[in-house]
Structures are given as C-alpha cells and as structure tokens.
$ cat entry.cif   # mmCIF, C-alpha atoms, pLDDT in the B column; chains and numbers go by the auth columns
data_entry
#
loop_
_atom_site.group_PDB
_atom_site.id
_atom_site.type_symbol
_atom_site.label_atom_id
_atom_site.label_comp_id
_atom_site.label_asym_id
_atom_site.label_seq_id
_atom_site.Cartn_x
_atom_site.Cartn_y
_atom_site.Cartn_z
_atom_site.B_iso_or_equiv
_atom_site.auth_seq_id
_atom_site.auth_asym_id
ATOM 1 C CA MET A 1 23.065 4.882 1.665 69.00 1 A
ATOM 2 C CA LYS A 2 20.109 6.282 -0.245 68.00 2 A
ATOM 3 C CA PRO A 3 16.892 4.259 0.326 74.00 3 A
ATOM 4 C CA HIS A 4 16.376 2.507 -2.990 71.00 4 A
ATOM 5 C CA VAL A 5 15.875 -1.006 -4.337 77.00 5 A
ATOM 6 C CA SER A 6 17.366 -1.538 -7.785 82.00 6 A
ATOM 7 C CA VAL A 7 16.199 -5.106 -8.420 89.00 7 A
ATOM 8 C CA ILE A 8 14.084 -7.586 -6.490 91.00 8 A
ATOM 9 C CA THR A 9 15.203 -11.011 -7.719 92.00 9 A
ATOM 10 C CA LEU A 10 13.062 -14.075 -7.151 94.00 10 A
ATOM 11 C CA GLY A 11 14.588 -17.539 -7.281 92.00 11 A
ATOM 12 C CA VAL A 12 12.216 -19.677 -9.344 93.00 12 A
ATOM 13 C CA ARG A 13 11.939 -23.439 -9.856 92.00 13 A
ATOM 14 C CA ASP A 14 10.756 -23.239 -13.486 96.00 14 A
ATOM 15 C CA LEU A 15 12.027 -20.130 -15.274 96.00 15 A
ATOM 16 C CA ASP A 16 9.812 -20.612 -18.350 96.00 16 A
ATOM 17 C CA GLN A 17 6.668 -20.992 -16.215 97.00 17 A
ATOM 18 C CA ALA A 18 7.531 -17.951 -14.082 97.00 18 A
ATOM 19 C CA LYS A 19 8.313 -15.880 -17.185 97.00 19 A
ATOM 20 C CA ARG A 20 4.958 -16.841 -18.741 97.00 20 A
ATOM 21 C CA PHE A 21 3.104 -16.000 -15.495 97.00 21 A
ATOM 22 C CA TYR A 22 4.501 -12.473 -15.301 97.00 22 A
ATOM 23 C CA SER A 23 4.770 -11.665 -19.021 97.00 23 A
ATOM 24 C CA GLU A 24 1.870 -13.444 -20.706 97.00 24 A
ATOM 25 C CA GLY A 25 -0.391 -13.990 -17.693 97.00 25 A
ATOM 26 C CA LEU A 26 -0.068 -10.611 -16.009 95.00 26 A
ATOM 27 C CA GLY A 27 0.986 -8.694 -19.120 94.00 27 A
ATOM 28 C CA TRP A 28 4.251 -7.289 -17.784 94.00 28 A
ATOM 29 C CA PRO A 29 6.663 -6.342 -20.584 93.00 29 A
ATOM 30 C CA ILE A 30 10.064 -7.981 -20.400 95.00 30 A
ATOM 31 C CA GLN A 31 12.788 -5.401 -19.824 93.00 31 A
ATOM 32 C CA GLN A 32 15.798 -7.673 -20.226 92.00 32 A
ATOM 33 C CA GLU A 33 16.398 -11.335 -20.993 94.00 33 A
ATOM 34 C CA ALA A 34 19.835 -12.956 -21.105 89.00 34 A
ATOM 35 C CA GLY A 35 20.471 -16.657 -20.539 89.00 35 A
ATOM 36 C CA PRO A 36 18.722 -17.695 -17.333 92.00 36 A
ATOM 37 C CA TRP A 37 17.849 -14.075 -16.367 90.00 37 A
ATOM 38 C CA VAL A 38 14.569 -12.277 -17.067 95.00 38 A
ATOM 39 C CA SER A 39 13.601 -8.873 -15.686 94.00 39 A
ATOM 40 C CA PHE A 40 10.567 -6.622 -15.770 95.00 40 A
ATOM 41 C CA SER A 41 10.625 -2.849 -15.235 90.00 41 A
ATOM 42 C CA LEU A 42 8.588 -1.752 -12.227 89.00 42 A
ATOM 43 C CA GLY A 43 6.656 1.489 -12.178 80.00 43 A
ATOM 44 C CA ASP A 44 8.645 4.306 -13.697 80.00 44 A
ATOM 45 C CA GLY A 45 11.637 2.054 -14.305 76.00 45 A
ATOM 46 C CA SER A 46 13.494 3.001 -11.130 77.00 46 A
ATOM 47 C CA SER A 47 13.546 -0.650 -10.079 85.00 47 A
ATOM 48 C CA SER A 48 13.001 -4.090 -11.597 91.00 48 A
ATOM 49 C CA LEU A 49 11.676 -7.521 -10.751 93.00 49 A
ATOM 50 C CA GLY A 50 14.118 -10.214 -11.807 93.00 50 A
ATOM 51 C CA LEU A 51 13.644 -13.972 -12.195 94.00 51 A
ATOM 52 C CA TYR A 52 16.577 -16.368 -11.893 92.00 52 A
ATOM 53 C CA PRO A 53 16.734 -20.159 -11.423 93.00 53 A
ATOM 54 C CA TRP A 54 16.325 -21.090 -7.732 91.00 54 A
ATOM 55 C CA ASP A 55 19.491 -23.190 -7.368 91.00 55 A
ATOM 56 C CA ALA A 56 21.627 -20.722 -9.304 91.00 56 A
ATOM 57 C CA LEU A 57 20.426 -17.788 -7.191 89.00 57 A
ATOM 58 C CA ALA A 58 21.107 -19.703 -3.960 87.00 58 A
ATOM 59 C CA ASP A 59 24.585 -20.547 -5.284 86.00 59 A
ATOM 60 C CA ASP A 60 25.140 -16.898 -6.230 75.00 60 A
ATOM 61 C CA ALA A 61 24.274 -15.885 -2.641 76.00 61 A
ATOM 62 C CA GLY A 62 26.373 -18.687 -1.170 78.00 62 A
ATOM 63 C CA VAL A 63 23.467 -20.281 0.743 77.00 63 A
ATOM 64 C CA PRO A 64 21.806 -23.725 0.616 81.00 64 A
ATOM 65 C CA ALA A 65 19.055 -24.042 -2.009 85.00 65 A
ATOM 66 C CA ASP A 66 16.732 -26.150 0.170 83.00 66 A
ATOM 67 C CA GLY A 67 14.686 -23.223 1.596 70.00 67 A
ATOM 68 C CA SER A 68 10.952 -23.853 1.848 64.00 68 A
ATOM 69 C CA GLY A 69 7.780 -22.552 3.445 64.00 69 A
ATOM 70 C CA PHE A 70 7.220 -18.911 4.327 67.00 70 A
ATOM 71 C CA ARG A 71 10.162 -16.887 3.089 67.00 71 A
ATOM 72 C CA GLY A 72 9.738 -14.020 5.542 69.00 72 A
ATOM 73 C CA MET A 73 8.661 -11.495 2.924 79.00 73 A
ATOM 74 C CA THR A 74 5.755 -10.461 0.756 85.00 74 A
ATOM 75 C CA LEU A 75 5.476 -8.186 -2.243 90.00 75 A
ATOM 76 C CA SER A 76 2.692 -5.588 -2.274 87.00 76 A
ATOM 77 C CA TYR A 77 0.587 -4.208 -5.093 89.00 77 A
ATOM 78 C CA VAL A 78 -1.409 -1.158 -3.967 88.00 78 A
ATOM 79 C CA VAL A 79 -4.492 -0.156 -5.956 91.00 79 A
ATOM 80 C CA ARG A 80 -7.099 2.589 -5.643 91.00 80 A
ATOM 81 C CA SER A 81 -10.307 0.615 -5.055 93.00 81 A
ATOM 82 C CA GLU A 82 -11.822 -2.576 -3.681 96.00 82 A
ATOM 83 C CA GLU A 83 -13.014 -3.448 -7.182 97.00 83 A
ATOM 84 C CA ARG A 84 -9.439 -3.248 -8.464 95.00 84 A
ATOM 85 C CA VAL A 85 -8.239 -5.535 -5.637 96.00 85 A
ATOM 86 C CA ASP A 86 -10.769 -8.134 -6.780 98.00 86 A
ATOM 87 C CA ALA A 87 -9.822 -7.656 -10.436 97.00 87 A
ATOM 88 C CA VAL A 88 -6.074 -8.034 -9.785 96.00 88 A
ATOM 89 C CA LEU A 89 -6.603 -11.184 -7.705 97.00 89 A
ATOM 90 C CA ALA A 90 -8.780 -12.658 -10.476 98.00 90 A
ATOM 91 C CA GLU A 91 -6.170 -11.737 -13.101 96.00 91 A
ATOM 92 C CA ALA A 92 -3.419 -13.431 -11.089 97.00 92 A
ATOM 93 C CA GLU A 93 -5.530 -16.572 -10.690 97.00 93 A
ATOM 94 C CA ARG A 94 -6.295 -16.700 -14.434 97.00 94 A
ATOM 95 C CA ALA A 95 -2.568 -16.325 -15.103 97.00 95 A
ATOM 96 C CA GLY A 96 -1.802 -19.447 -13.050 97.00 96 A
ATOM 97 C CA GLY A 97 -1.386 -18.039 -9.560 96.00 97 A
ATOM 98 C CA THR A 98 -3.351 -19.239 -6.544 94.00 98 A
ATOM 99 C CA ILE A 99 -5.424 -17.202 -4.137 95.00 99 A
ATOM 100 C CA ALA A 100 -3.674 -17.499 -0.772 92.00 100 A
ATOM 101 C CA ARG A 101 -6.177 -15.298 1.073 93.00 101 A
ATOM 102 C CA PRO A 102 -9.394 -14.072 -0.515 96.00 102 A
ATOM 103 C CA ALA A 103 -9.994 -10.326 -0.412 96.00 103 A
ATOM 104 C CA GLU A 104 -11.617 -8.963 2.725 94.00 104 A
ATOM 105 C CA LYS A 105 -12.091 -5.771 4.721 95.00 105 A
ATOM 106 C CA ALA A 106 -9.063 -4.961 6.834 88.00 106 A
ATOM 107 C CA PRO A 107 -9.114 -3.817 10.464 83.00 107 A
ATOM 108 C CA TRP A 108 -7.139 -0.739 9.370 78.00 108 A
ATOM 109 C CA GLY A 109 -10.001 0.322 7.066 87.00 109 A
ATOM 110 C CA GLY A 110 -8.692 -0.933 3.748 90.00 110 A
ATOM 111 C CA TYR A 111 -9.410 -4.007 1.661 94.00 111 A
ATOM 112 C CA PHE A 112 -6.872 -6.681 0.751 92.00 112 A
ATOM 113 C CA GLY A 113 -6.151 -10.221 -0.360 93.00 113 A
ATOM 114 C CA TYR A 114 -3.127 -12.327 -1.296 94.00 114 A
ATOM 115 C CA PHE A 115 -2.142 -14.419 -4.281 93.00 115 A
ATOM 116 C CA ALA A 116 0.871 -16.666 -4.723 91.00 116 A
ATOM 117 C CA ASP A 117 2.785 -16.861 -7.982 94.00 117 A
ATOM 118 C CA PRO A 118 3.742 -20.315 -9.355 95.00 118 A
ATOM 119 C CA ASP A 119 6.793 -20.436 -7.055 90.00 119 A
ATOM 120 C CA GLY A 120 4.791 -19.513 -3.948 87.00 120 A
ATOM 121 C CA TYR A 121 5.893 -15.886 -3.639 90.00 121 A
ATOM 122 C CA LEU A 122 3.124 -14.006 -1.873 90.00 122 A
ATOM 123 C CA TRP A 123 1.703 -10.818 -3.312 92.00 123 A
ATOM 124 C CA LYS A 124 -0.584 -8.656 -1.160 92.00 124 A
ATOM 125 C CA VAL A 125 -3.099 -6.677 -3.223 92.00 125 A
ATOM 126 C CA ALA A 126 -4.577 -3.822 -1.183 91.00 126 A
ATOM 127 C CA SER A 127 -6.551 -0.631 -1.353 91.00 127 A
ATOM 128 C CA GLY A 128 -6.154 1.866 1.461 82.00 128 A
ATOM 129 C CA GLY A 129 -8.622 3.036 4.019 61.00 129 A
ATOM 130 C CA GLY A 130 -7.689 6.683 3.675 54.00 130 A
ATOM 131 C CA ASP A 131 -4.420 8.238 2.646 52.00 131 A
ATOM 132 C CA GLN A 132 -2.329 5.745 0.711 51.00 132 A
ATOM 133 C CA PRO A 133 1.381 6.217 1.418 50.00 133 A
ATOM 134 C CA PHE A 134 2.401 4.259 -1.689 56.00 134 A
ATOM 135 C CA ASN A 135 1.888 4.828 -5.376 61.00 135 A
ATOM 136 C CA ALA A 136 -1.419 3.158 -6.125 65.00 136 A
ATOM 137 C CA GLU A 137 -2.357 1.778 -9.513 67.00 137 A
#

$ encode --input "entry.cif" --output "structure tokens"
Amino acid sequence: MKPHVSVITLGVRDLDQAKRFYSEGLGWPIQQEAGPWVSFSLGDGSSSLGLYPWDALADDAGVPADGSGFRGMTLSYVVRSEERVDAVLAEAERAGGTIARPAEKAPWGGYFGYFADPDGYLWKVASGGGDQPFNAE
C-alpha cells in the first residue's frame, strides 16, 4: 500500500458551524459540498479535509457515537516562523476556535501552540528548530 491519505474526515456536532469555521473563519475554499458532506482541498489537492455529522460518521463506521475527550490524534499545521505560529493561532481564535495551549518554545528547538476547532479537534501549529521534514506554509 502506497503511503497516502486521501481524506481526513472529522465528525462534527454542528455541520454549519464547522463549515463556517473552516471556510469563512479560516478562509479555506470549499472543494465539494453534497448533502451533509463538505470537503476542503489540502495543499496541492492530493488530499482533503472532510466534515460530516458526528452521529452519521459513527454510524458509517459502525461504532457508538458517544466518544468524548481526547480522541488520540492531532492535526498539524507547519509554518516557517514563530511569527506565523502566533498569527495562525490568532486567526483560529478569531474564527471561533479556542487556544488549547498558547505558543511557546519547544524543547526540540522549535516553537508551537495548539488550537481546538469548534468540535474540539486539536490542531498543532509549529515552526521547526532546523530542518523541517514537512511542507511548511
């Protein structure tokens, strides 16, 4: 299997609120919208972020919908500077997200902070302390 993620789909409690957060708040263009599905192209379009109602996504996966707390995953947004980390965190907060961990120097030499989207999904915003192995904005 080739290492690739086609779509990361987040189960959301309020689809309209989540759509507004990502599209209007963060300025991400909607790639596709059909019924209760909304997706946004990521990077060069090789993958997408999808939003789908929480209960419907749990049903689709065949698991109970009552999950709560830490979900065992974070999403990362890598940028090129400390100033950009601060700017992205501020943009997310203005869009309706909450700062889960204010930006700070990291023991590994970088700089990072976390925000949570309206459904509590955690996004790490980081700049590297040297070579950045990921595509940085």

$ residues_around --input "entry.cif" --residues "A:Ser6" --least-positions-apart "2" --cutoff "9 Å" --atoms "all atoms listed in the file" --output "list in words"
His4, Ile8, Ser46, Ser47, Ser48 and Leu49 of chain A

$ atom_distance --input "entry.cif" --atom1 "atom CA of A:Leu57" --atom2 "atom CA of A:Leu15"
11.9 Å

$ closest_residue --input "entry.cif" --among "A:Val38, A:Gly128, A:Trp123, A:Gly67" --to "A:Asp55" --atoms "all atoms listed in the file"
A:Gly67

$ resolve_selection --input "entry.cif" --expression "the PyMOL selection byres ((chain A and resi 109) around 10)" --output "MDAnalysis selection string"
chainID A and resid 105:108 110:112 127:130

$ closest_residue --input "entry.cif" --among "A:Val78, A:Ala56, A:Val63, A:Leu122" --to "A:Gly97" --atoms "all atoms listed in the file"
A:Leu122

$ atom_distance --input "entry.cif" --atom1 "atom CA of A:Arg101" --atom2 "atom CA of A:Val5"
26.8 Å

$ resolve_selection --input "entry.cif" --expression "the PyMOL selection byres ((chain A and resi 27) around 12)" --output "number ranges by chain"
A: 19-26, 28-30, 40-41, 88, 91-92, 94-95

$ atom_distance --input "entry.cif" --atom1 "atom CA of A:Ala126" --atom2 "atom CA of A:Arg80"
8.2 Å

$ residues_near_point --input "entry.cif" --point "(7.0, -9.3, 0.4)" --cutoff "8 Å" --atoms "only C-alpha atoms" --output "NGL selection string"
:A and (72-76 or 121-124)

$ write_last_selection --input "entry.cif" --atoms "C-alpha atoms" --output "short mmCIF file (atom, residue, chain, number, x, y, z; two decimals), in the frame of the given file"
data_model
loop_
_atom_site.label_atom_id
_atom_site.label_comp_id
_atom_site.auth_asym_id
_atom_site.auth_seq_id
_atom_site.Cartn_x
_atom_site.Cartn_y
_atom_site.Cartn_z
CA GLY A 72 9.74 -14.02 5.54
CA MET A 73 8.66 -11.50 2.92
CA THR A 74 5.76 -10.46 0.76
CA LEU A 75 5.48 -8.19 -2.24
CA SER A 76 2.69 -5.59 -2.27
CA TYR A 121 5.89 -15.89 -3.64
CA LEU A 122 3.12 -14.01 -1.87
CA TRP A 123 1.70 -10.82 -3.31
CA LYS A 124 -0.58 -8.66 -1.16
#

$ axis_aligned_box --input "entry.cif" --around "stretch 95-106 of chain A" --padding-each-side "4 Å" --output "AutoDock Vina command-line options"
--center_x -6.7 --center_y -12.2 --center_z -4.1 --size_x 18.7 --size_y 22.5 --size_z 29.9

$ closest_residue --input "entry.cif" --among "A:Pro36, A:Gly43, A:Pro118, A:Gly96" --to "A:Ala18" --atoms "all atoms listed in the file"
A:Pro118

$ resolve_selection --input "entry.cif" --expression "the PyMOL selection byres ((chain A and resi 102) around 8)" --output "list in words"
Ile99, Ala100, Arg101, Ala103, Glu104, Phe112, Gly113 and Tyr114 of chain A

$ residues_around --input "entry.cif" --residues "A:Thr98" --least-positions-apart "3" --cutoff "6 Å" --atoms "only C-alpha atoms" --output "ChimeraX atom specification"
/A:93,115-116

$ decode --input "entry.cif" --residues "stretch 46-110 of chain A" --atoms "C-alpha atoms" --output "PDB file, in the first residue's frame"
ATOM      1  CA  SER A  46      -3.589  15.373  -3.105  1.00  0.00           C
ATOM      2  CA  SER A  47      -5.767  15.029  -0.010  1.00  0.00           C
ATOM      3  CA  SER A  48      -8.824  16.654   1.552  1.00  0.00           C
ATOM      4  CA  LEU A  49     -10.327  17.521   4.903  1.00  0.00           C
ATOM      5  CA  GLY A  50     -13.939  16.405   5.099  1.00  0.00           C
ATOM      6  CA  LEU A  51     -16.690  17.338   7.560  1.00  0.00           C
ATOM      7  CA  TYR A  52     -19.614  15.005   8.222  1.00  0.00           C
ATOM      8  CA  PRO A  53     -22.237  14.929  11.004  1.00  0.00           C
ATOM      9  CA  TRP A  54     -20.866  13.175  14.118  1.00  0.00           C
ATOM     10  CA  ASP A  55     -23.644  10.592  14.530  1.00  0.00           C
ATOM     11  CA  ALA A  56     -23.768   9.795  10.822  1.00  0.00           C
ATOM     12  CA  LEU A  57     -19.998   9.270  10.653  1.00  0.00           C
ATOM     13  CA  ALA A  58     -20.073   6.992  13.715  1.00  0.00           C
ATOM     14  CA  ASP A  59     -22.924   5.040  12.096  1.00  0.00           C
ATOM     15  CA  ASP A  60     -20.967   4.833   8.834  1.00  0.00           C
ATOM     16  CA  ALA A  61     -18.012   3.339  10.756  1.00  0.00           C
ATOM     17  CA  GLY A  62     -20.268   1.027  12.752  1.00  0.00           C
ATOM     18  CA  VAL A  63     -19.169   2.384  16.157  1.00  0.00           C
ATOM     19  CA  PRO A  64     -21.024   4.093  19.033  1.00  0.00           C
ATOM     20  CA  ALA A  65     -21.358   7.876  18.655  1.00  0.00           C
ATOM     21  CA  ASP A  66     -20.762   8.651  22.348  1.00  0.00           C
ATOM     22  CA  GLY A  67     -16.968   9.211  22.076  1.00  0.00           C
ATOM     23  CA  SER A  68     -15.631  12.125  24.106  1.00  0.00           C
ATOM     24  CA  GLY A  69     -12.441  13.632  25.472  1.00  0.00           C
ATOM     25  CA  PHE A  70      -9.063  13.252  23.801  1.00  0.00           C
ATOM     26  CA  ARG A  71      -9.520  11.434  20.519  1.00  0.00           C
ATOM     27  CA  GLY A  72      -5.975  10.090  20.308  1.00  0.00           C
ATOM     28  CA  MET A  73      -4.962  12.275  17.377  1.00  0.00           C
ATOM     29  CA  THR A  74      -3.999  15.798  16.441  1.00  0.00           C
ATOM     30  CA  LEU A  75      -3.722  17.586  13.128  1.00  0.00           C
ATOM     31  CA  SER A  76      -0.577  19.622  12.443  1.00  0.00           C
ATOM     32  CA  TYR A  77      -0.050  22.852  10.553  1.00  0.00           C
ATOM     33  CA  VAL A  78       3.661  23.537   9.990  1.00  0.00           C
ATOM     34  CA  VAL A  79       4.770  27.100   9.257  1.00  0.00           C
ATOM     35  CA  ARG A  80       8.118  28.780   8.622  1.00  0.00           C
ATOM     36  CA  SER A  81       8.401  31.189  11.563  1.00  0.00           C
ATOM     37  CA  GLU A  82       7.428  31.879  15.161  1.00  0.00           C
ATOM     38  CA  GLU A  83       5.543  34.967  13.998  1.00  0.00           C
ATOM     39  CA  ARG A  84       3.438  32.822  11.667  1.00  0.00           C
ATOM     40  CA  VAL A  85       2.652  30.395  14.523  1.00  0.00           C
ATOM     41  CA  ASP A  86       1.292  33.327  16.527  1.00  0.00           C
ATOM     42  CA  ALA A  87      -0.635  34.666  13.530  1.00  0.00           C
ATOM     43  CA  VAL A  88      -2.262  31.298  12.742  1.00  0.00           C
ATOM     44  CA  LEU A  89      -3.288  30.776  16.376  1.00  0.00           C
ATOM     45  CA  ALA A  90      -4.804  34.281  16.460  1.00  0.00           C
ATOM     46  CA  GLU A  91      -6.628  33.637  13.172  1.00  0.00           C
ATOM     47  CA  ALA A  92      -8.086  30.389  14.512  1.00  0.00           C
ATOM     48  CA  GLU A  93      -9.249  32.125  17.692  1.00  0.00           C
ATOM     49  CA  ARG A  94     -10.901  34.947  15.710  1.00  0.00           C
ATOM     50  CA  ALA A  95     -12.634  32.305  13.590  1.00  0.00           C
ATOM     51  CA  GLY A  96     -14.234  30.754  16.686  1.00  0.00           C
ATOM     52  CA  GLY A  97     -11.612  28.251  17.783  1.00  0.00           C
ATOM     53  CA  THR A  98     -10.085  28.169  21.256  1.00  0.00           C
ATOM     54  CA  ILE A  99      -6.436  28.253  22.212  1.00  0.00           C
ATOM     55  CA  ALA A 100      -5.731  24.895  23.857  1.00  0.00           C
ATOM     56  CA  ARG A 101      -2.052  25.641  24.515  1.00  0.00           C
ATOM     57  CA  PRO A 102      -0.514  29.058  23.937  1.00  0.00           C
ATOM     58  CA  ALA A 103       2.563  29.158  21.719  1.00  0.00           C
ATOM     59  CA  GLU A 104       5.886  28.509  23.416  1.00  0.00           C
ATOM     60  CA  LYS A 105       9.461  27.446  22.716  1.00  0.00           C
ATOM     61  CA  ALA A 106       9.773  23.698  22.332  1.00  0.00           C
ATOM     62  CA  PRO A 107      12.480  21.512  23.876  1.00  0.00           C
ATOM     63  CA  TRP A 108      13.305  20.297  20.353  1.00  0.00           C
ATOM     64  CA  GLY A 109      14.199  23.862  19.295  1.00  0.00           C
ATOM     65  CA  GLY A 110      11.005  24.861  17.535  1.00  0.00           C
TER      66      GLY A 110
END
